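File shown here: data_27.tsv, holding TSV, C-alpha atoms.
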chain	number	residue	atom	x	y	z
A	109	MET	CA	7.85	-40.82	-56.97
A	110	THR	CA	11.47	-41.06	-58.19
A	111	PHE	CA	11.90	-37.33	-57.55
A	112	HIS	CA	10.71	-37.73	-53.96
A	113	ILE	CA	13.04	-40.68	-53.35
A	114	ILE	CA	15.97	-38.61	-54.59
A	115	ILE	CA	14.99	-35.77	-52.24
A	116	ILE	CA	14.80	-38.16	-49.27
A	117	LEU	CA	18.20	-39.64	-50.10
A	118	VAL	CA	19.71	-36.15	-50.38
A	119	ILE	CA	18.25	-35.19	-46.98
A	120	VAL	CA	19.61	-38.37	-45.38
A	121	ALA	CA	23.04	-37.77	-46.94
A	122	TRP	CA	22.99	-34.17	-45.72
A	123	SER	CA	22.02	-35.36	-42.23
A	124	CYS	CA	24.93	-37.81	-42.20
A	125	LEU	CA	27.29	-35.03	-43.28
A	126	CYS	CA	25.97	-32.73	-40.55
A	127	ALA	CA	26.37	-35.49	-37.94
A	128	PHE	CA	29.95	-36.10	-39.12
A	129	PHE	CA	30.95	-32.43	-38.87
A	130	ALA	CA	29.15	-32.04	-35.54
A	131	ASP	CA	31.15	-34.97	-34.19
A	132	ASN	CA	34.40	-33.37	-35.37
A	133	LEU	CA	33.41	-30.00	-33.88
A	134	ARG	CA	32.62	-31.68	-30.58
A	135	GLN	CA	36.10	-33.22	-30.49
A	136	LYS	CA	37.76	-29.89	-31.33
A	137	GLN	CA	35.69	-28.08	-28.76
A	138	GLN	CA	37.25	-30.22	-26.05
A	139	GLN	CA	40.63	-28.81	-27.07
A	140	GLU	CA	39.67	-25.20	-27.82
A	141	HIS	CA	36.63	-22.98	-27.78
A	142	GLY	CA	34.62	-23.49	-30.96
A	143	TRP	CA	31.32	-22.42	-32.40
A	144	LEU	CA	29.42	-25.65	-31.67
A	145	GLY	CA	27.58	-23.87	-28.87
A	146	TRP	CA	26.37	-21.25	-31.31
A	147	LEU	CA	24.87	-23.98	-33.52
A	148	GLU	CA	23.20	-25.56	-30.52
A	149	ASN	CA	21.48	-22.26	-29.74
A	150	ILE	CA	19.86	-21.98	-33.19
A	151	ASP	CA	16.12	-22.35	-32.78
A	152	VAL	CA	14.47	-24.12	-35.73
A	153	LYS	CA	11.10	-24.18	-34.00
A	154	VAL	CA	9.98	-20.99	-35.76
A	155	ILE	CA	10.78	-22.41	-39.19
A	156	GLY	CA	9.24	-25.74	-38.17
A	157	THR	CA	6.05	-24.06	-36.97
A	158	LEU	CA	5.69	-22.04	-40.18
A	159	PHE	CA	6.37	-25.11	-42.30
A	160	THR	CA	3.88	-27.23	-40.35
A	161	PHE	CA	1.21	-24.54	-40.71
A	162	SER	CA	1.92	-24.31	-44.43
A	163	LEU	CA	1.76	-28.10	-44.80
A	164	VAL	CA	-1.54	-28.44	-42.91
A	165	TYR	CA	-3.11	-25.50	-44.74
A	166	ARG	CA	-2.09	-26.89	-48.14
A	167	PHE	CA	-3.45	-30.35	-47.30
A	168	ASN	CA	-6.76	-28.84	-46.14
A	169	VAL	CA	-7.06	-26.86	-49.39
A	170	CYS	CA	-6.33	-30.01	-51.42
A	171	TYR	CA	-8.83	-32.06	-49.40
A	172	SER	CA	-11.51	-29.41	-49.89
A	173	ARG	CA	-11.06	-29.81	-53.66
A	174	TRP	CA	-11.44	-33.59	-53.30
A	175	TRP	CA	-14.57	-33.10	-51.19
A	176	GLN	CA	-15.98	-30.66	-53.73
A	177	GLY	CA	-15.47	-33.26	-56.47
A	178	ARG	CA	-17.25	-35.85	-54.32
A	179	LEU	CA	-20.23	-33.55	-53.83
A	180	LEU	CA	-20.41	-32.76	-57.55
A	181	TRP	CA	-20.44	-36.45	-58.45
A	182	GLY	CA	-23.10	-36.98	-55.83
A	183	ASN	CA	-25.12	-34.35	-57.70
A	184	ILE	CA	-24.53	-36.12	-61.02
A	185	ILE	CA	-25.74	-39.45	-59.58
A	186	THR	CA	-28.85	-37.85	-58.06
A	187	GLN	CA	-29.63	-35.84	-61.19
A	188	CYS	CA	-29.23	-38.85	-63.49
A	189	ILE	CA	-31.61	-40.94	-61.38
A	190	ASP	CA	-34.13	-38.10	-61.10
A	191	PHE	CA	-33.97	-37.47	-64.86
A	192	SER	CA	-34.51	-41.16	-65.56
A	193	GLU	CA	-37.54	-41.31	-63.25
A	194	LYS	CA	-39.14	-38.33	-65.00
A	195	ALA	CA	-38.38	-39.66	-68.47
A	196	SER	CA	-39.56	-43.21	-67.69
A	197	LEU	CA	-42.86	-42.18	-66.11
A	198	TRP	CA	-43.77	-39.11	-68.15
A	199	ILE	CA	-42.81	-40.38	-71.63
A	200	ILE	CA	-45.17	-43.24	-72.37
A	201	ASP	CA	-43.61	-43.94	-75.77
A	202	HIS	CA	-41.15	-46.63	-74.63
A	203	ASP	CA	-38.88	-46.16	-77.66
A	204	TYR	CA	-38.15	-42.55	-76.72
A	205	ALA	CA	-37.97	-43.33	-73.01
A	206	ASP	CA	-35.54	-46.22	-73.52
A	207	ARG	CA	-33.37	-44.13	-75.84
A	208	LEU	CA	-33.22	-41.34	-73.27
A	209	ASN	CA	-32.43	-43.74	-70.45
A	210	ARG	CA	-29.69	-45.33	-72.50
A	211	LEU	CA	-28.03	-41.93	-72.93
A	212	ILE	CA	-28.44	-41.12	-69.24
A	213	ILE	CA	-26.58	-44.35	-68.39
A	214	VAL	CA	-23.78	-43.47	-70.82
A	215	PHE	CA	-23.48	-39.90	-69.51
A	216	PRO	CA	-21.51	-40.69	-66.27
A	217	TYR	CA	-19.10	-42.86	-68.25
A	218	VAL	CA	-18.31	-40.07	-70.72
A	219	CYS	CA	-18.00	-37.63	-67.80
A	220	LYS	CA	-15.44	-39.95	-66.21
A	221	ALA	CA	-13.46	-40.13	-69.45
A	222	GLN	CA	-13.63	-36.35	-69.95
A	223	LEU	CA	-12.38	-35.67	-66.43
A	224	ARG	CA	-9.48	-38.07	-66.94
A	225	GLY	CA	-8.47	-36.26	-70.10
A	226	VAL	CA	-9.28	-39.08	-72.55
A	227	SER	CA	-12.08	-40.09	-74.88
A	228	ILE	CA	-14.74	-42.69	-74.18
A	229	CYS	CA	-13.22	-44.43	-77.24
A	230	ASP	CA	-9.92	-44.91	-75.39
A	231	PRO	CA	-9.15	-48.58	-74.60
A	232	SER	CA	-8.76	-47.68	-70.91
A	233	GLU	CA	-12.35	-46.41	-70.78
A	234	SER	CA	-15.73	-48.15	-71.06
A	235	GLY	CA	-16.71	-47.45	-74.68
A	236	GLU	CA	-16.42	-51.02	-75.96
A	237	ASP	CA	-18.08	-52.45	-72.85
A	238	LEU	CA	-21.01	-50.06	-73.30
A	239	ILE	CA	-21.43	-51.34	-76.86
A	240	ARG	CA	-21.45	-54.94	-75.62
A	241	ARG	CA	-24.11	-54.06	-73.04
A	242	ASN	CA	-26.21	-52.27	-75.72
A	243	PHE	CA	-25.97	-48.82	-74.14
A	244	LEU	CA	-23.85	-47.30	-76.90
A	245	THR	CA	-23.87	-48.00	-80.63
A	246	LEU	CA	-20.81	-48.58	-82.76
A	247	GLU	CA	-21.95	-45.74	-85.01
A	248	GLU	CA	-21.99	-43.33	-82.07
A	249	LEU	CA	-18.56	-44.45	-80.92
A	250	ASP	CA	-17.11	-44.05	-84.42
A	251	TYR	CA	-18.59	-40.57	-84.67
A	252	LEU	CA	-17.06	-39.55	-81.33
A	253	GLU	CA	-13.68	-40.88	-82.42
A	254	ALA	CA	-13.82	-38.98	-85.71
A	255	ASN	CA	-15.14	-35.75	-84.14
A	256	PRO	CA	-13.25	-34.85	-80.94
A	257	CYS	CA	-15.32	-32.73	-78.57
A	258	TRP	CA	-16.43	-32.41	-74.97
A	259	GLN	CA	-18.32	-35.68	-75.15
A	260	PRO	CA	-20.64	-35.19	-72.14
A	261	TYR	CA	-22.13	-32.13	-73.83
A	262	TYR	CA	-22.54	-34.06	-77.07
A	263	PHE	CA	-24.77	-36.55	-75.25
A	264	LEU	CA	-26.64	-33.72	-73.52
A	265	ASP	CA	-27.36	-32.28	-76.96
A	266	ILE	CA	-28.84	-35.61	-78.05
A	267	MET	CA	-30.97	-35.71	-74.90
A	268	ARG	CA	-32.32	-32.25	-75.64
A	269	ALA	CA	-33.07	-33.27	-79.22
A	270	ILE	CA	-35.01	-36.34	-78.00
A	271	ILE	CA	-37.04	-34.21	-75.57
A	272	ALA	CA	-37.87	-31.79	-78.39
A	273	LYS	CA	-38.95	-34.68	-80.64
A	274	VAL	CA	-41.14	-36.06	-77.84
A	275	ILE	CA	-42.95	-32.72	-77.47
A	276	ILE	CA	-43.35	-32.33	-81.25
A	277	GLN	CA	-44.67	-35.88	-81.69
A	278	GLU	CA	-47.18	-35.33	-78.90
A	279	TYR	CA	-48.50	-32.34	-80.84
A	280	ASP	CA	-48.51	-34.24	-84.14
A	281	THR	CA	-49.76	-37.73	-83.29
A	282	GLY	CA	-50.22	-37.94	-79.50
A	283	ASN	CA	-49.62	-41.02	-77.32
A	284	THR	CA	-46.14	-39.84	-76.39
A	285	LEU	CA	-46.48	-38.06	-73.05
A	286	LEU	CA	-48.35	-39.11	-69.94
A	287	LEU	CA	-50.44	-35.94	-70.24
A	288	PRO	CA	-52.06	-35.90	-73.70
A	289	LYS	CA	-52.09	-32.80	-75.89
A	290	ALA	CA	-55.80	-32.41	-75.17
A	291	ASN	CA	-54.71	-31.58	-71.63
A	292	LYS	CA	-53.54	-27.96	-71.64
A	293	ILE	CA	-50.90	-28.59	-68.99
A	294	HIS	CA	-49.02	-31.31	-70.92
A	295	GLU	CA	-46.53	-28.75	-72.23
A	296	LYS	CA	-45.53	-28.05	-68.61
A	297	LEU	CA	-43.60	-31.33	-68.70
A	298	PHE	CA	-41.06	-29.80	-71.07
A	299	LYS	CA	-39.55	-27.44	-68.51
A	300	PRO	CA	-38.58	-30.04	-65.84
A	301	LEU	CA	-37.18	-32.37	-68.50
A	302	ASP	CA	-35.12	-29.58	-70.01
A	303	GLN	CA	-34.10	-28.44	-66.50
A	304	ALA	CA	-32.76	-31.96	-65.81
A	305	VAL	CA	-30.44	-31.64	-68.80
A	306	GLU	CA	-29.36	-28.18	-67.66
A	307	ASP	CA	-28.58	-29.49	-64.16
A	308	LEU	CA	-26.35	-32.21	-65.58
A	309	ALA	CA	-24.55	-29.67	-67.76
A	310	ARG	CA	-23.95	-27.40	-64.77
A	311	SER	CA	-22.58	-30.21	-62.59
A	312	MET	CA	-20.27	-31.36	-65.36
A	313	GLY	CA	-19.04	-27.82	-65.93
A	314	GLU	CA	-18.20	-27.44	-62.25
A	315	CYS	CA	-16.31	-30.75	-62.31
A	316	ILE	CA	-14.25	-29.51	-65.25
A	317	SER	CA	-13.55	-26.31	-63.32
A	318	VAL	CA	-12.27	-28.31	-60.32
A	319	ARG	CA	-10.01	-30.40	-62.54
A	320	THR	CA	-8.51	-27.58	-64.59
A	321	SER	CA	-7.98	-24.88	-61.97
A	322	GLY	CA	-5.57	-26.73	-59.66
A	323	LEU	CA	-3.37	-24.89	-57.18
A	324	PRO	CA	-1.34	-21.77	-58.05
A	325	LYS	CA	2.19	-22.69	-59.14
A	326	SER	CA	3.65	-19.97	-56.91
A	327	TYR	CA	2.03	-21.63	-53.90
A	328	ASP	CA	3.73	-24.94	-54.62
A	329	VAL	CA	7.06	-23.18	-55.16
A	330	ALA	CA	6.76	-21.38	-51.81
A	331	HIS	CA	5.80	-24.64	-50.10
A	332	TYR	CA	8.80	-26.52	-51.45
A	333	ALA	CA	11.00	-23.57	-50.49
A	334	PHE	CA	9.78	-23.96	-46.88
A	335	PHE	CA	10.48	-27.69	-47.09
A	336	CYS	CA	14.03	-27.23	-48.37
A	337	THR	CA	14.83	-24.47	-45.87
A	338	TYR	CA	13.61	-26.54	-42.94
A	339	PHE	CA	15.44	-29.73	-43.91
A	340	ILE	CA	18.66	-27.82	-44.60
A	341	VAL	CA	18.69	-26.05	-41.24
A	342	ALA	CA	17.10	-28.70	-39.00
A	343	PRO	CA	19.74	-31.45	-39.49
A	344	VAL	CA	22.48	-28.93	-38.66
A	345	VAL	CA	20.86	-28.19	-35.29
A	346	TRP	CA	19.78	-31.78	-34.60
A	347	SER	CA	23.28	-33.11	-35.25
A	348	THR	CA	24.72	-30.96	-32.44
A	349	GLN	CA	22.21	-32.44	-30.00
A	350	ILE	CA	21.61	-36.05	-31.07
A	351	GLY	CA	24.63	-36.73	-33.29
A	352	TRP	CA	24.30	-39.78	-35.54
A	353	VAL	CA	20.65	-40.22	-34.63
A	354	THR	CA	19.99	-37.25	-36.96
A	355	PRO	CA	19.81	-39.34	-40.19
A	356	ILE	CA	17.51	-41.83	-38.45
A	357	LEU	CA	15.18	-38.97	-37.46
A	358	ALA	CA	15.45	-37.12	-40.79
A	359	PHE	CA	14.49	-40.14	-42.91
A	360	PRO	CA	10.96	-40.80	-41.51
A	361	THR	CA	10.30	-37.07	-41.03
A	362	ALA	CA	11.11	-36.23	-44.63
A	363	SER	CA	9.28	-39.33	-45.91
A	364	ILE	CA	6.05	-38.54	-44.06
A	365	THR	CA	6.21	-34.88	-45.08
A	366	LEU	CA	6.71	-35.70	-48.76
A	367	ALA	CA	3.94	-38.32	-48.56
A	368	LEU	CA	1.53	-35.64	-47.29
A	369	ILE	CA	2.66	-33.25	-50.04
A	370	SER	CA	2.22	-35.95	-52.70
A	371	MET	CA	-1.17	-36.99	-51.32
A	372	GLY	CA	-2.31	-33.38	-51.31
A	373	SER	CA	-1.26	-32.98	-54.95
A	374	SER	CA	-3.30	-36.09	-55.83
A	375	LEU	CA	-6.35	-34.80	-53.95
A	376	VAL	CA	-6.36	-31.57	-56.00
A	377	ASP	CA	-7.54	-33.62	-59.00
A	378	PRO	CA	-9.97	-36.16	-57.49
A	379	PHE	CA	-11.08	-37.59	-60.83
A	380	GLY	CA	-7.97	-39.58	-61.77
A	381	SER	CA	-7.06	-43.20	-61.11
A	382	ASP	CA	-4.78	-42.76	-58.08
A	383	PHE	CA	-5.58	-44.70	-54.92
A	384	VAL	CA	-6.81	-41.50	-53.21
A	385	ASP	CA	-9.10	-40.48	-56.08
A	386	LEU	CA	-12.85	-40.90	-56.21
A	387	PRO	CA	-14.18	-44.34	-57.27
A	388	LEU	CA	-15.74	-43.04	-60.48
A	389	ASP	CA	-16.16	-46.53	-61.95
A	390	LYS	CA	-18.33	-47.55	-59.00
A	391	PHE	CA	-20.35	-44.32	-59.31
A	392	CYS	CA	-21.03	-45.10	-62.97
A	393	GLU	CA	-22.03	-48.68	-62.16
A	394	CYS	CA	-24.37	-47.38	-59.45
A	395	VAL	CA	-26.13	-45.06	-61.92
A	396	GLU	CA	-26.40	-47.88	-64.49
A	397	ALA	CA	-27.93	-50.28	-61.98
A	398	GLN	CA	-30.46	-47.77	-60.65
A	399	ILE	CA	-31.60	-46.56	-64.06
A	400	SER	CA	-31.97	-50.13	-65.31
A	401	ALA	CA	-34.21	-50.80	-62.28
A	402	ILE	CA	-36.23	-47.64	-63.02
A	403	GLN	CA	-36.75	-48.80	-66.61
A	404	ARG	CA	-38.04	-52.18	-65.47
A	405	ARG	CA	-40.41	-50.61	-62.93
A	406	SER	CA	-41.79	-48.10	-65.42
A	407	LYS	CA	-42.87	-50.92	-67.75
A	408	ASP	CA	-44.65	-52.79	-64.97
A	409	ASP	CA	-48.34	-51.91	-64.72
A	410	THR	CA	-48.18	-52.58	-60.98
A	411	LEU	CA	-46.44	-49.24	-60.44
A	412	LEU	CA	-49.27	-47.23	-61.99
A	413	HIS	CA	-51.83	-49.47	-60.31
A	414	PHE	CA	-50.42	-48.67	-56.87
A	415	ALA	CA	-50.22	-44.99	-57.78
A	416	GLU	CA	-53.90	-44.92	-58.71
A	417	PHE	CA	-55.62	-47.44	-56.48
A	418	SER	CA	-53.41	-48.15	-53.46
A	419	THR	CA	-55.21	-47.35	-50.18
A	420	THR	CA	-55.04	-48.36	-46.54
A	421	GLU	CA	-58.78	-48.16	-45.94
A	422	GLY	CA	-60.20	-51.42	-44.63
A	423	TYR	CA	-56.69	-52.85	-44.37
A	424	ASN	CA	-55.93	-55.03	-41.34
A	425	ILE	CA	-52.34	-56.08	-40.70
A	426	ASP	CA	-53.53	-58.94	-38.47
A	427	ASP	CA	-55.51	-60.48	-41.34
A	428	TRP	CA	-52.48	-60.20	-43.59
A	429	ALA	CA	-50.23	-61.82	-40.96
A	430	SER	CA	-52.63	-64.71	-40.41
A	431	THR	CA	-52.91	-65.25	-44.17
A	432	LYS	CA	-49.13	-65.35	-44.52
A	433	LEU	CA	-48.89	-67.75	-41.58
A	434	SER	CA	-51.50	-70.06	-43.07
A	435	SER	CA	-49.67	-70.02	-46.40
A	436	SER	CA	-46.38	-70.89	-44.69
A	437	VAL	CA	-47.96	-73.79	-42.80
A	438	HIS	CA	-49.53	-75.09	-46.01
A	439	ILE	CA	-46.18	-74.96	-47.81
A	440	CYS	CA	-44.44	-76.82	-44.96
A	441	GLU	CA	-47.09	-79.56	-45.05
Rewrite the coordinates I just gave you, this time as structure tokens.
Amino acid sequence: MTFHIIIILVIVAWSCLCAFFADNLRQKQQQEHGWLGWLENIDVKVIGTLFTFSLVYRFNVCYSRWWQGRLLWGNIITQCIDFSEKASLWIIDHDYADRLNRLIIVFPYVCKAQLRGVSICDPSESGEDLIRRNFLTLEELDYLEANPCWQPYYFLDIMRAIIAKVIIQEYDTGNTLLLPKANKIHEKLFKPLDQAVEDLARSMGECISVRTSGLPKSYDVAHYAFFCTYFIVAPVVWSTQIGWVTPILAFPTASITLALISMGSSLVDPFGSDFVDLPLDKFCECVEAQISAIQRRSKDDTLLHFAEFSTTEGYNIDDWASTKLSSSVHICE
């Protein structure tokens, strides 16, 4: 921000200097033939057009990176909820299902920390809050602090280990999966559960790719070269036509241009904490709320009852409406 302010002040000072010399040249031209007319004939429209095209193209590229990050986080949210639904309904051992759901809730939070270049143990992240809400244990947090790693993949490893233990326990003792081991297709549940972990790993990997790749340095250098060239030449030409209005025009023009450049640079990495970045905290809270609701539903026998016995045969909406009306009248009385 300070760098941009300095650039704007330099452009305004240069515009004032150009206006001053243009005013002196105009006075001399009244006495003798000068080269003010030659300056007036310089056409900066070509440079302006090229610079505008470069600015718009760069902003579009930056916005496409932001949009890609948004889509990837949409995938993470969808995949977490889908994984939780499978785990909650297919794993009938509630200890394993709750442990898996707990890790699924933690996963977006560690993804957020990873994409911001810090650990979930960092005070600016949600590690301590997750411990208070019983989603993360102090032992797990201490281990992560003592063993730096890509933390999202650490939790994916734990998820895979839990799924493996679920399958093994079903073989050993039973009463773990919805489909018992006596049913020959129970082992088919392993593939979609493992695929859910793989999908999360792929989405996280693509997010890391978006964050680390950025824009080529040479492209930024060329863009700033266009900017400097335009705002060196343009005030010279403007000052011969509008005089001391040049600084007034140069200030908002340079400010808006630098704001677009700065905004584009922020959009390239959409996972930070700038005002243009994605609301990752809200995404994580959304996943937590939905998975908590899935856990509660999975432990309610009503869900399985509706799945097995719900039917519309012999159902009359008029009877239901009259019953509700009678109940309401009774309550009012």
Using only C-alpha atoms, tabulate the residues of stretch 177-238 of chain A lying at most 10 Å from any atom of stretch 381-392 of chain A, each with its closest atom pair and that distance in Å to one decimal, by chain and increasing residue number, as JSON lines.
{"residue": "A:Gly177", "atom": "CA", "partner": "A:Leu386", "partner_atom": "CA", "distance": 8.1}
{"residue": "A:Arg178", "atom": "CA", "partner": "A:Leu386", "partner_atom": "CA", "distance": 7.0}
{"residue": "A:Trp181", "atom": "CA", "partner": "A:Phe391", "partner_atom": "CA", "distance": 7.9}
{"residue": "A:Gly182", "atom": "CA", "partner": "A:Phe391", "partner_atom": "CA", "distance": 8.6}
{"residue": "A:Ile184", "atom": "CA", "partner": "A:Phe391", "partner_atom": "CA", "distance": 9.4}
{"residue": "A:Ile185", "atom": "CA", "partner": "A:Phe391", "partner_atom": "CA", "distance": 7.3}
{"residue": "A:Ile213", "atom": "CA", "partner": "A:Cys392", "partner_atom": "CA", "distance": 7.8}
{"residue": "A:Val214", "atom": "CA", "partner": "A:Cys392", "partner_atom": "CA", "distance": 8.5}
{"residue": "A:Phe215", "atom": "CA", "partner": "A:Cys392", "partner_atom": "CA", "distance": 8.7}
{"residue": "A:Pro216", "atom": "CA", "partner": "A:Cys392", "partner_atom": "CA", "distance": 5.5}
{"residue": "A:Tyr217", "atom": "CA", "partner": "A:Cys392", "partner_atom": "CA", "distance": 6.1}
{"residue": "A:Val218", "atom": "CA", "partner": "A:Cys392", "partner_atom": "CA", "distance": 9.6}
{"residue": "A:Cys219", "atom": "CA", "partner": "A:Leu388", "partner_atom": "CA", "distance": 9.4}
{"residue": "A:Lys220", "atom": "CA", "partner": "A:Leu388", "partner_atom": "CA", "distance": 6.5}
{"residue": "A:Ala221", "atom": "CA", "partner": "A:Leu388", "partner_atom": "CA", "distance": 9.7}
{"residue": "A:Arg224", "atom": "CA", "partner": "A:Ser381", "partner_atom": "CA", "distance": 8.1}
{"residue": "A:Glu233", "atom": "CA", "partner": "A:Asp389", "partner_atom": "CA", "distance": 9.6}
{"residue": "A:Ser234", "atom": "CA", "partner": "A:Asp389", "partner_atom": "CA", "distance": 9.3}
For this session: Show me as a PyMOL selection string the residues that reach within 12 Å of (-35.3, -33.4, -77.6), counting only C-alpha atoms and using the file's own coordinates.
Result: chain A and resi 195+199+204-205+207-208+263-277+298-299+301-302+305
Please save C-alpha atoms of the selected residues as a short mmCIF file (atom, residue, chain, number, x, y, z; two decimals), keeping the file's coordinate frame.
data_model
loop_
_atom_site.label_atom_id
_atom_site.label_comp_id
_atom_site.auth_asym_id
_atom_site.auth_seq_id
_atom_site.Cartn_x
_atom_site.Cartn_y
_atom_site.Cartn_z
CA ALA A 195 -38.38 -39.66 -68.47
CA ILE A 199 -42.81 -40.38 -71.63
CA TYR A 204 -38.15 -42.55 -76.72
CA ALA A 205 -37.97 -43.33 -73.01
CA ARG A 207 -33.37 -44.13 -75.84
CA LEU A 208 -33.22 -41.34 -73.27
CA PHE A 263 -24.77 -36.55 -75.25
CA LEU A 264 -26.64 -33.72 -73.52
CA ASP A 265 -27.36 -32.28 -76.96
CA ILE A 266 -28.84 -35.61 -78.05
CA MET A 267 -30.97 -35.71 -74.90
CA ARG A 268 -32.32 -32.25 -75.64
CA ALA A 269 -33.07 -33.27 -79.22
CA ILE A 270 -35.01 -36.34 -78.00
CA ILE A 271 -37.04 -34.21 -75.57
CA ALA A 272 -37.87 -31.79 -78.39
CA LYS A 273 -38.95 -34.68 -80.64
CA VAL A 274 -41.14 -36.06 -77.84
CA ILE A 275 -42.95 -32.72 -77.47
CA ILE A 276 -43.35 -32.33 -81.25
CA GLN A 277 -44.67 -35.88 -81.69
CA PHE A 298 -41.06 -29.80 -71.07
CA LYS A 299 -39.55 -27.44 -68.51
CA LEU A 301 -37.18 -32.37 -68.50
CA ASP A 302 -35.12 -29.58 -70.01
CA VAL A 305 -30.44 -31.64 -68.80
#
Exercise. Atom CA of A:Phe159 and atom CA of A:Phe334, how far apart in Å?
Worked result: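 The value is 5.8 Å.
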Problem set entry | Which of A:Thr110, A:Ser123, A:Thr281, A:Ser172 sits closest to A:Val353 [using all atoms listed in the file] |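 With all atoms listed in the file as the atom set, the closest residue is A:Ser123.
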Problem set entry | Two-atom distance - atom CA of A:Ile340, atom CA of A:Leu357 (Å) |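 Between these atoms lies a distance of 13.7 Å.
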Problem set entry | Shell around stretch 167-171 of chain A at 12 Å using all atoms listed in the file, local window under 2 positions removed, as a ChimeraX atom specification | /A:160-165,173-178,318-319,321-324,327-328,331,365-378,384-386
Written selection (C-alpha atoms) as a CSV table (one decimal), in the frame of the given file:
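result-v7.csv, written as the output of this step:
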chain,number,residue,atom,x,y,z
A,160,THR,CA,3.9,-27.2,-40.4
A,161,PHE,CA,1.2,-24.5,-40.7
A,162,SER,CA,1.9,-24.3,-44.4
A,163,LEU,CA,1.8,-28.1,-44.8
A,164,VAL,CA,-1.5,-28.4,-42.9
A,165,TYR,CA,-3.1,-25.5,-44.7
A,173,ARG,CA,-11.1,-29.8,-53.7
A,174,TRP,CA,-11.4,-33.6,-53.3
A,175,TRP,CA,-14.6,-33.1,-51.2
A,176,GLN,CA,-16.0,-30.7,-53.7
A,177,GLY,CA,-15.5,-33.3,-56.5
A,178,ARG,CA,-17.2,-35.8,-54.3
A,318,VAL,CA,-12.3,-28.3,-60.3
A,319,ARG,CA,-10.0,-30.4,-62.5
A,321,SER,CA,-8.0,-24.9,-62.0
A,322,GLY,CA,-5.6,-26.7,-59.7
A,323,LEU,CA,-3.4,-24.9,-57.2
A,324,PRO,CA,-1.3,-21.8,-58.0
A,327,TYR,CA,2.0,-21.6,-53.9
A,328,ASP,CA,3.7,-24.9,-54.6
A,331,HIS,CA,5.8,-24.6,-50.1
A,365,THR,CA,6.2,-34.9,-45.1
A,366,LEU,CA,6.7,-35.7,-48.8
A,367,ALA,CA,3.9,-38.3,-48.6
A,368,LEU,CA,1.5,-35.6,-47.3
A,369,ILE,CA,2.7,-33.2,-50.0
A,370,SER,CA,2.2,-36.0,-52.7
A,371,MET,CA,-1.2,-37.0,-51.3
A,372,GLY,CA,-2.3,-33.4,-51.3
A,373,SER,CA,-1.3,-33.0,-55.0
A,374,SER,CA,-3.3,-36.1,-55.8
A,375,LEU,CA,-6.4,-34.8,-54.0
A,376,VAL,CA,-6.4,-31.6,-56.0
A,377,ASP,CA,-7.5,-33.6,-59.0
A,378,PRO,CA,-10.0,-36.2,-57.5
A,384,VAL,CA,-6.8,-41.5,-53.2
A,385,ASP,CA,-9.1,-40.5,-56.1
A,386,LEU,CA,-12.8,-40.9,-56.2
For this session: Find, counting only C-alpha atoms, the residue in A:Asp206, A:Glu248, A:Asp190, A:Glu253 that gets nearest to A:Ser227.
Result: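 Going through A:Asp206, A:Glu248, A:Asp190, A:Glu253 one by one, the smallest distance to A:Ser227 is for A:Glu253.
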